[in-house]
Amino acid sequence: MAAQPSTIEFYERRPLQEFAVGARKFVPLRITNLQVDYDDGLWIVSLSPLDAVGSSQDFQEAKRLLFEYIDFLWNEYVLCPEEKLGETGKMLRDVLLEMFAVS
């Protein structure tokens, strides 16, 4: 039987801080916590409002993968012309714009 993921309390309560992906800098507009789980050598870092996840055997790598995925979502939904987005895409775009200021 597989072990259940155990939440690492120390990381779970730490708010998401600003981060950069390439030349783009993301600044959270509201206090948002990362969910951090550790299961049998695998770190899983997620941001539930976006259903975004990064996982790796290294915590910093898992965080980096999560941040790169958020950057991908920004490219796909915020930088895309609104008329090309469906209803789900528009909802995700709104969530991203409510969560981050990007420069």
# chains A, B, ... in the order shown; residues from 1 in each chain; ligands from 1

call {"tool": "residues_around", "arguments": {"residues": "segment 24-29 of chain A", "least_positions_apart": "4", "cutoff": "12 Å", "atoms": "only C-alpha atoms", "output": "list in words"}}
result
Pro15, Leu16, Gln17, Glu18, Phe19, Ala20, Asn33, Leu34, Leu47, Phe67, Glu68, Ile70, Asp71, Phe72, Trp74, Asn75, Val95, Leu96, Leu97, Glu98, Met99, Phe100, Ala101, Val102 and Ser103 of chain A

call {"tool": "closest_atom_pairs", "arguments": {"of": "segment 12-82 of chain A", "to": "segment 90-93 of chain A", "cutoff": "12 Å", "atoms": "only C-alpha atoms", "output": "JSON lines"}}
result
{"residue": "A:Pro49", "atom": "CA", "partner": "A:Leu92", "partner_atom": "CA", "distance": 9.3}
{"residue": "A:Leu50", "atom": "CA", "partner": "A:Leu92", "partner_atom": "CA", "distance": 7.5}
{"residue": "A:Asp51", "atom": "CA", "partner": "A:Leu92", "partner_atom": "CA", "distance": 10.1}
{"residue": "A:Ala52", "atom": "CA", "partner": "A:Leu92", "partner_atom": "CA", "distance": 11.4}
{"residue": "A:Ile70", "atom": "CA", "partner": "A:Leu92", "partner_atom": "CA", "distance": 11.2}
{"residue": "A:Phe72", "atom": "CA", "partner": "A:Arg93", "partner_atom": "CA", "distance": 12.0}
{"residue": "A:Leu73", "atom": "CA", "partner": "A:Arg93", "partner_atom": "CA", "distance": 8.4}
{"residue": "A:Trp74", "atom": "CA", "partner": "A:Arg93", "partner_atom": "CA", "distance": 7.7}
{"residue": "A:Asn75", "atom": "CA", "partner": "A:Arg93", "partner_atom": "CA", "distance": 10.0}
{"residue": "A:Glu76", "atom": "CA", "partner": "A:Arg93", "partner_atom": "CA", "distance": 8.8}
{"residue": "A:Tyr77", "atom": "CA", "partner": "A:Arg93", "partner_atom": "CA", "distance": 5.2}
{"residue": "A:Val78", "atom": "CA", "partner": "A:Arg93", "partner_atom": "CA", "distance": 5.3}
{"residue": "A:Leu79", "atom": "CA", "partner": "A:Arg93", "partner_atom": "CA", "distance": 9.0}
{"residue": "A:Cys80", "atom": "CA", "partner": "A:Arg93", "partner_atom": "CA", "distance": 9.2}
{"residue": "A:Pro81", "atom": "CA", "partner": "A:Lys90", "partner_atom": "CA", "distance": 10.1}
{"residue": "A:Glu82", "atom": "CA", "partner": "A:Lys90", "partner_atom": "CA", "distance": 7.1}

call {"tool": "select_by_dssp", "arguments": {"residues": "chain A", "states": "helix (DSSP H, G or I)", "output": "CSV table (one decimal) with N, CA and C atoms, in the first residue's frame"}}
result
chain,number,residue,atom,x,y,z
A,9,GLU,N,4.2,21.3,7.4
A,9,GLU,CA,3.6,22.5,8.0
A,9,GLU,C,4.4,23.7,7.7
A,10,PHE,N,5.7,23.7,7.9
A,10,PHE,CA,6.6,24.9,7.8
A,10,PHE,C,6.4,25.5,6.5
A,11,TYR,N,6.3,24.8,5.4
A,11,TYR,CA,6.2,25.4,4.1
A,11,TYR,C,4.8,25.7,3.8
A,12,GLU,N,3.8,25.0,4.3
A,12,GLU,CA,2.4,25.2,3.9
A,12,GLU,C,2.0,26.6,4.4
A,48,SER,N,-3.3,26.0,-5.5
A,48,SER,CA,-4.7,25.5,-5.8
A,48,SER,C,-5.6,26.4,-6.6
A,49,PRO,N,-5.6,27.7,-6.4
A,49,PRO,CA,-6.5,28.5,-7.2
A,49,PRO,C,-6.3,28.4,-8.7
A,50,LEU,N,-5.1,27.9,-9.1
A,50,LEU,CA,-4.8,27.7,-10.6
A,50,LEU,C,-4.7,26.3,-11.0
A,59,PHE,N,13.1,20.0,-3.7
A,59,PHE,CA,12.1,21.0,-3.4
A,59,PHE,C,12.2,22.3,-4.3
A,60,GLN,N,13.5,22.8,-4.4
A,60,GLN,CA,13.7,24.0,-5.2
A,60,GLN,C,13.3,23.8,-6.7
A,61,GLU,N,13.6,22.6,-7.2
A,61,GLU,CA,13.2,22.2,-8.6
A,61,GLU,C,11.7,22.1,-8.7
A,62,ALA,N,11.0,21.6,-7.7
A,62,ALA,CA,9.6,21.5,-7.8
A,62,ALA,C,9.0,22.9,-7.8
A,63,LYS,N,9.5,23.8,-7.0
A,63,LYS,CA,9.0,25.2,-7.0
A,63,LYS,C,9.3,25.9,-8.3
A,64,ARG,N,10.5,25.6,-8.9
A,64,ARG,CA,10.8,26.2,-10.2
A,64,ARG,C,9.8,25.7,-11.3
A,65,LEU,N,9.5,24.4,-11.3
A,65,LEU,CA,8.6,23.9,-12.2
A,65,LEU,C,7.2,24.5,-12.1
A,66,LEU,N,6.8,24.7,-10.9
A,66,LEU,CA,5.5,25.3,-10.6
A,66,LEU,C,5.5,26.8,-11.2
A,67,PHE,N,6.5,27.5,-10.9
A,67,PHE,CA,6.6,28.9,-11.4
A,67,PHE,C,6.7,28.9,-12.9
A,68,GLU,N,7.4,28.0,-13.5
A,68,GLU,CA,7.4,28.0,-15.0
A,68,GLU,C,6.0,27.6,-15.6
A,69,TYR,N,5.3,26.8,-14.9
A,69,TYR,CA,3.9,26.5,-15.3
A,69,TYR,C,3.0,27.7,-15.2
A,70,ILE,N,3.2,28.5,-14.1
A,70,ILE,CA,2.4,29.7,-14.0
A,70,ILE,C,2.7,30.7,-15.1
A,71,ASP,N,4.0,30.8,-15.5
A,71,ASP,CA,4.4,31.6,-16.6
A,71,ASP,C,3.8,31.1,-17.9
A,72,PHE,N,3.7,29.8,-18.1
A,72,PHE,CA,3.1,29.2,-19.3
A,72,PHE,C,1.6,29.6,-19.3
A,73,LEU,N,0.9,29.5,-18.2
A,73,LEU,CA,-0.5,29.9,-18.1
A,73,LEU,C,-0.6,31.4,-18.5
A,74,TRP,N,0.3,32.2,-18.0
A,74,TRP,CA,0.2,33.6,-18.3
A,74,TRP,C,0.3,33.9,-19.8
A,75,ASN,N,1.3,33.2,-20.4
A,75,ASN,CA,1.4,33.3,-21.9
A,75,ASN,C,0.2,32.9,-22.6
A,76,GLU,N,-0.4,31.8,-22.2
A,76,GLU,CA,-1.5,31.2,-22.9
A,76,GLU,C,-2.8,31.9,-22.7
A,77,TYR,N,-3.0,32.5,-21.5
A,77,TYR,CA,-4.4,33.1,-21.2
A,77,TYR,C,-4.4,34.6,-21.1
A,78,VAL,N,-3.4,35.2,-20.5
A,78,VAL,CA,-3.4,36.6,-20.3
A,78,VAL,C,-2.9,37.3,-21.6
A,82,GLU,N,-8.4,38.3,-26.1
A,82,GLU,CA,-9.6,37.8,-25.4
A,82,GLU,C,-10.6,37.1,-26.3
A,83,GLU,N,-10.7,37.6,-27.5
A,83,GLU,CA,-11.7,37.0,-28.4
A,83,GLU,C,-11.3,35.5,-28.9
A,84,LYS,N,-10.1,35.1,-28.6
A,84,LYS,CA,-9.6,33.8,-28.9
A,84,LYS,C,-9.8,32.8,-27.8
A,87,GLU,N,-14.8,30.3,-22.6
A,87,GLU,CA,-15.3,30.7,-21.3
A,87,GLU,C,-14.3,30.2,-20.2
A,88,THR,N,-13.8,29.0,-20.3
A,88,THR,CA,-12.8,28.5,-19.3
A,88,THR,C,-11.6,29.4,-19.3
A,89,GLY,N,-11.1,29.6,-20.5
A,89,GLY,CA,-9.9,30.5,-20.7
A,89,GLY,C,-10.1,31.9,-20.1
A,90,LYS,N,-11.2,32.4,-20.3
A,90,LYS,CA,-11.5,33.8,-19.8
A,90,LYS,C,-11.5,33.7,-18.2
A,91,MET,N,-12.1,32.7,-17.7
A,91,MET,CA,-12.1,32.5,-16.2
A,91,MET,C,-10.7,32.4,-15.7
A,92,LEU,N,-9.9,31.6,-16.3
A,92,LEU,CA,-8.5,31.4,-15.9
A,92,LEU,C,-7.7,32.7,-16.0
A,93,ARG,N,-8.0,33.4,-17.1
A,93,ARG,CA,-7.3,34.7,-17.3
A,93,ARG,C,-7.7,35.7,-16.2
A,94,ASP,N,-9.0,35.7,-15.8
A,94,ASP,CA,-9.4,36.6,-14.7
A,94,ASP,C,-8.7,36.2,-13.4
A,95,VAL,N,-8.6,34.9,-13.1
A,95,VAL,CA,-7.9,34.5,-11.9
A,95,VAL,C,-6.5,34.9,-11.9
A,96,LEU,N,-5.8,34.7,-13.0
A,96,LEU,CA,-4.4,35.1,-13.1
A,96,LEU,C,-4.2,36.6,-12.8
A,97,LEU,N,-5.1,37.4,-13.5
A,97,LEU,CA,-5.0,38.9,-13.3
A,97,LEU,C,-5.3,39.3,-11.9
A,98,GLU,N,-6.2,38.6,-11.2
A,98,GLU,CA,-6.5,38.9,-9.8
A,98,GLU,C,-5.4,38.5,-8.9
A,99,MET,N,-4.6,37.5,-9.3
A,99,MET,CA,-3.6,36.9,-8.4
A,99,MET,C,-2.2,37.6,-8.5

call {"tool": "select_by_dssp", "arguments": {"residues": "segment 34-65 of chain A", "states": "strand (DSSP E or B)", "output": "list of chain:residue names"}}
result
A:Gln35, A:Val36, A:Asp37, A:Tyr38, A:Asp39, A:Leu42, A:Trp43, A:Ile44, A:Val45, A:Ser46, A:Leu47, A:Ala52, A:Val53, A:Gly54, A:Ser55, A:Ser56

call {"tool": "atom_distance", "arguments": {"atom1": "atom CA of Gly41 of chain A", "atom2": "atom CA of Ser56 of chain A"}}
result
8.5 Å

call {"tool": "decode", "arguments": {"residues": "segment 55-79 of chain A", "atoms": "N, CA and C atoms", "output": "mmCIF file, in the first residue's frame"}}
result
data_model
loop_
_atom_site.group_PDB
_atom_site.id
_atom_site.type_symbol
_atom_site.label_atom_id
_atom_site.label_comp_id
_atom_site.auth_asym_id
_atom_site.auth_seq_id
_atom_site.Cartn_x
_atom_site.Cartn_y
_atom_site.Cartn_z
ATOM 1 N N SER A 55 6.455 19.150 -9.445
ATOM 2 C CA SER A 55 6.924 18.047 -8.602
ATOM 3 C C SER A 55 8.316 17.611 -9.020
ATOM 4 N N SER A 56 9.101 17.238 -8.024
ATOM 5 C CA SER A 56 10.477 16.810 -8.257
ATOM 6 C C SER A 56 11.010 16.180 -6.984
ATOM 7 N N GLN A 57 12.132 15.501 -7.099
ATOM 8 C CA GLN A 57 12.801 14.961 -5.921
ATOM 9 C C GLN A 57 13.519 16.061 -5.142
ATOM 10 N N ASP A 58 13.654 17.235 -5.755
ATOM 11 C CA ASP A 58 14.293 18.388 -5.128
ATOM 12 C C ASP A 58 13.234 19.484 -4.926
ATOM 13 N N PHE A 59 13.137 20.009 -3.711
ATOM 14 C CA PHE A 59 12.118 21.019 -3.412
ATOM 15 C C PHE A 59 12.250 22.255 -4.290
ATOM 16 N N GLN A 60 13.456 22.785 -4.434
ATOM 17 C CA GLN A 60 13.653 24.000 -5.237
ATOM 18 C C GLN A 60 13.282 23.757 -6.699
ATOM 19 N N GLU A 61 13.586 22.589 -7.207
ATOM 20 C CA GLU A 61 13.227 22.232 -8.578
ATOM 21 C C GLU A 61 11.700 22.150 -8.728
ATOM 22 N N ALA A 62 11.021 21.596 -7.746
ATOM 23 C CA ALA A 62 9.560 21.516 -7.788
ATOM 24 C C ALA A 62 8.954 22.920 -7.811
ATOM 25 N N LYS A 63 9.506 23.818 -6.993
ATOM 26 C CA LYS A 63 9.030 25.208 -6.993
ATOM 27 C C LYS A 63 9.280 25.871 -8.345
ATOM 28 N N ARG A 64 10.455 25.644 -8.902
ATOM 29 C CA ARG A 64 10.806 26.229 -10.203
ATOM 30 C C ARG A 64 9.840 25.732 -11.286
ATOM 31 N N LEU A 65 9.527 24.449 -11.264
ATOM 32 C CA LEU A 65 8.598 23.888 -12.244
ATOM 33 C C LEU A 65 7.197 24.492 -12.097
ATOM 34 N N LEU A 66 6.769 24.696 -10.858
ATOM 35 C CA LEU A 66 5.483 25.343 -10.617
ATOM 36 C C LEU A 66 5.491 26.756 -11.193
ATOM 37 N N PHE A 67 6.540 27.521 -10.907
ATOM 38 C CA PHE A 67 6.620 28.896 -11.390
ATOM 39 C C PHE A 67 6.665 28.944 -12.921
ATOM 40 N N GLU A 68 7.364 28.005 -13.540
ATOM 41 C CA GLU A 68 7.404 27.963 -15.001
ATOM 42 C C GLU A 68 6.027 27.639 -15.571
ATOM 43 N N TYR A 69 5.270 26.800 -14.877
ATOM 44 C CA TYR A 69 3.921 26.483 -15.340
ATOM 45 C C TYR A 69 3.008 27.707 -15.222
ATOM 46 N N ILE A 70 3.151 28.466 -14.142
ATOM 47 C CA ILE A 70 2.371 29.697 -13.992
ATOM 48 C C ILE A 70 2.716 30.668 -15.124
ATOM 49 N N ASP A 71 3.991 30.766 -15.469
ATOM 50 C CA ASP A 71 4.412 31.611 -16.581
ATOM 51 C C ASP A 71 3.788 31.123 -17.892
ATOM 52 N N PHE A 72 3.745 29.815 -18.093
ATOM 53 C CA PHE A 72 3.101 29.234 -19.274
ATOM 54 C C PHE A 72 1.625 29.630 -19.320
ATOM 55 N N LEU A 73 0.932 29.513 -18.178
ATOM 56 C CA LEU A 73 -0.479 29.897 -18.126
ATOM 57 C C LEU A 73 -0.647 31.376 -18.468
ATOM 58 N N TRP A 74 0.265 32.211 -17.966
ATOM 59 C CA TRP A 74 0.208 33.649 -18.259
ATOM 60 C C TRP A 74 0.313 33.884 -19.768
ATOM 61 N N ASN A 75 1.269 33.205 -20.401
ATOM 62 C CA ASN A 75 1.435 33.332 -21.853
ATOM 63 C C ASN A 75 0.188 32.877 -22.605
ATOM 64 N N GLU A 76 -0.386 31.777 -22.182
ATOM 65 C CA GLU A 76 -1.519 31.179 -22.884
ATOM 66 C C GLU A 76 -2.825 31.932 -22.698
ATOM 67 N N TYR A 77 -3.047 32.507 -21.520
ATOM 68 C CA TYR A 77 -4.365 33.068 -21.224
ATOM 69 C C TYR A 77 -4.404 34.581 -21.053
ATOM 70 N N VAL A 78 -3.354 35.169 -20.522
ATOM 71 C CA VAL A 78 -3.367 36.622 -20.324
ATOM 72 C C VAL A 78 -2.859 37.344 -21.567
ATOM 73 N N LEU A 79 -1.837 36.802 -22.193
ATOM 74 C CA LEU A 79 -1.281 37.462 -23.371
ATOM 75 C C LEU A 79 -2.038 37.128 -24.655
#
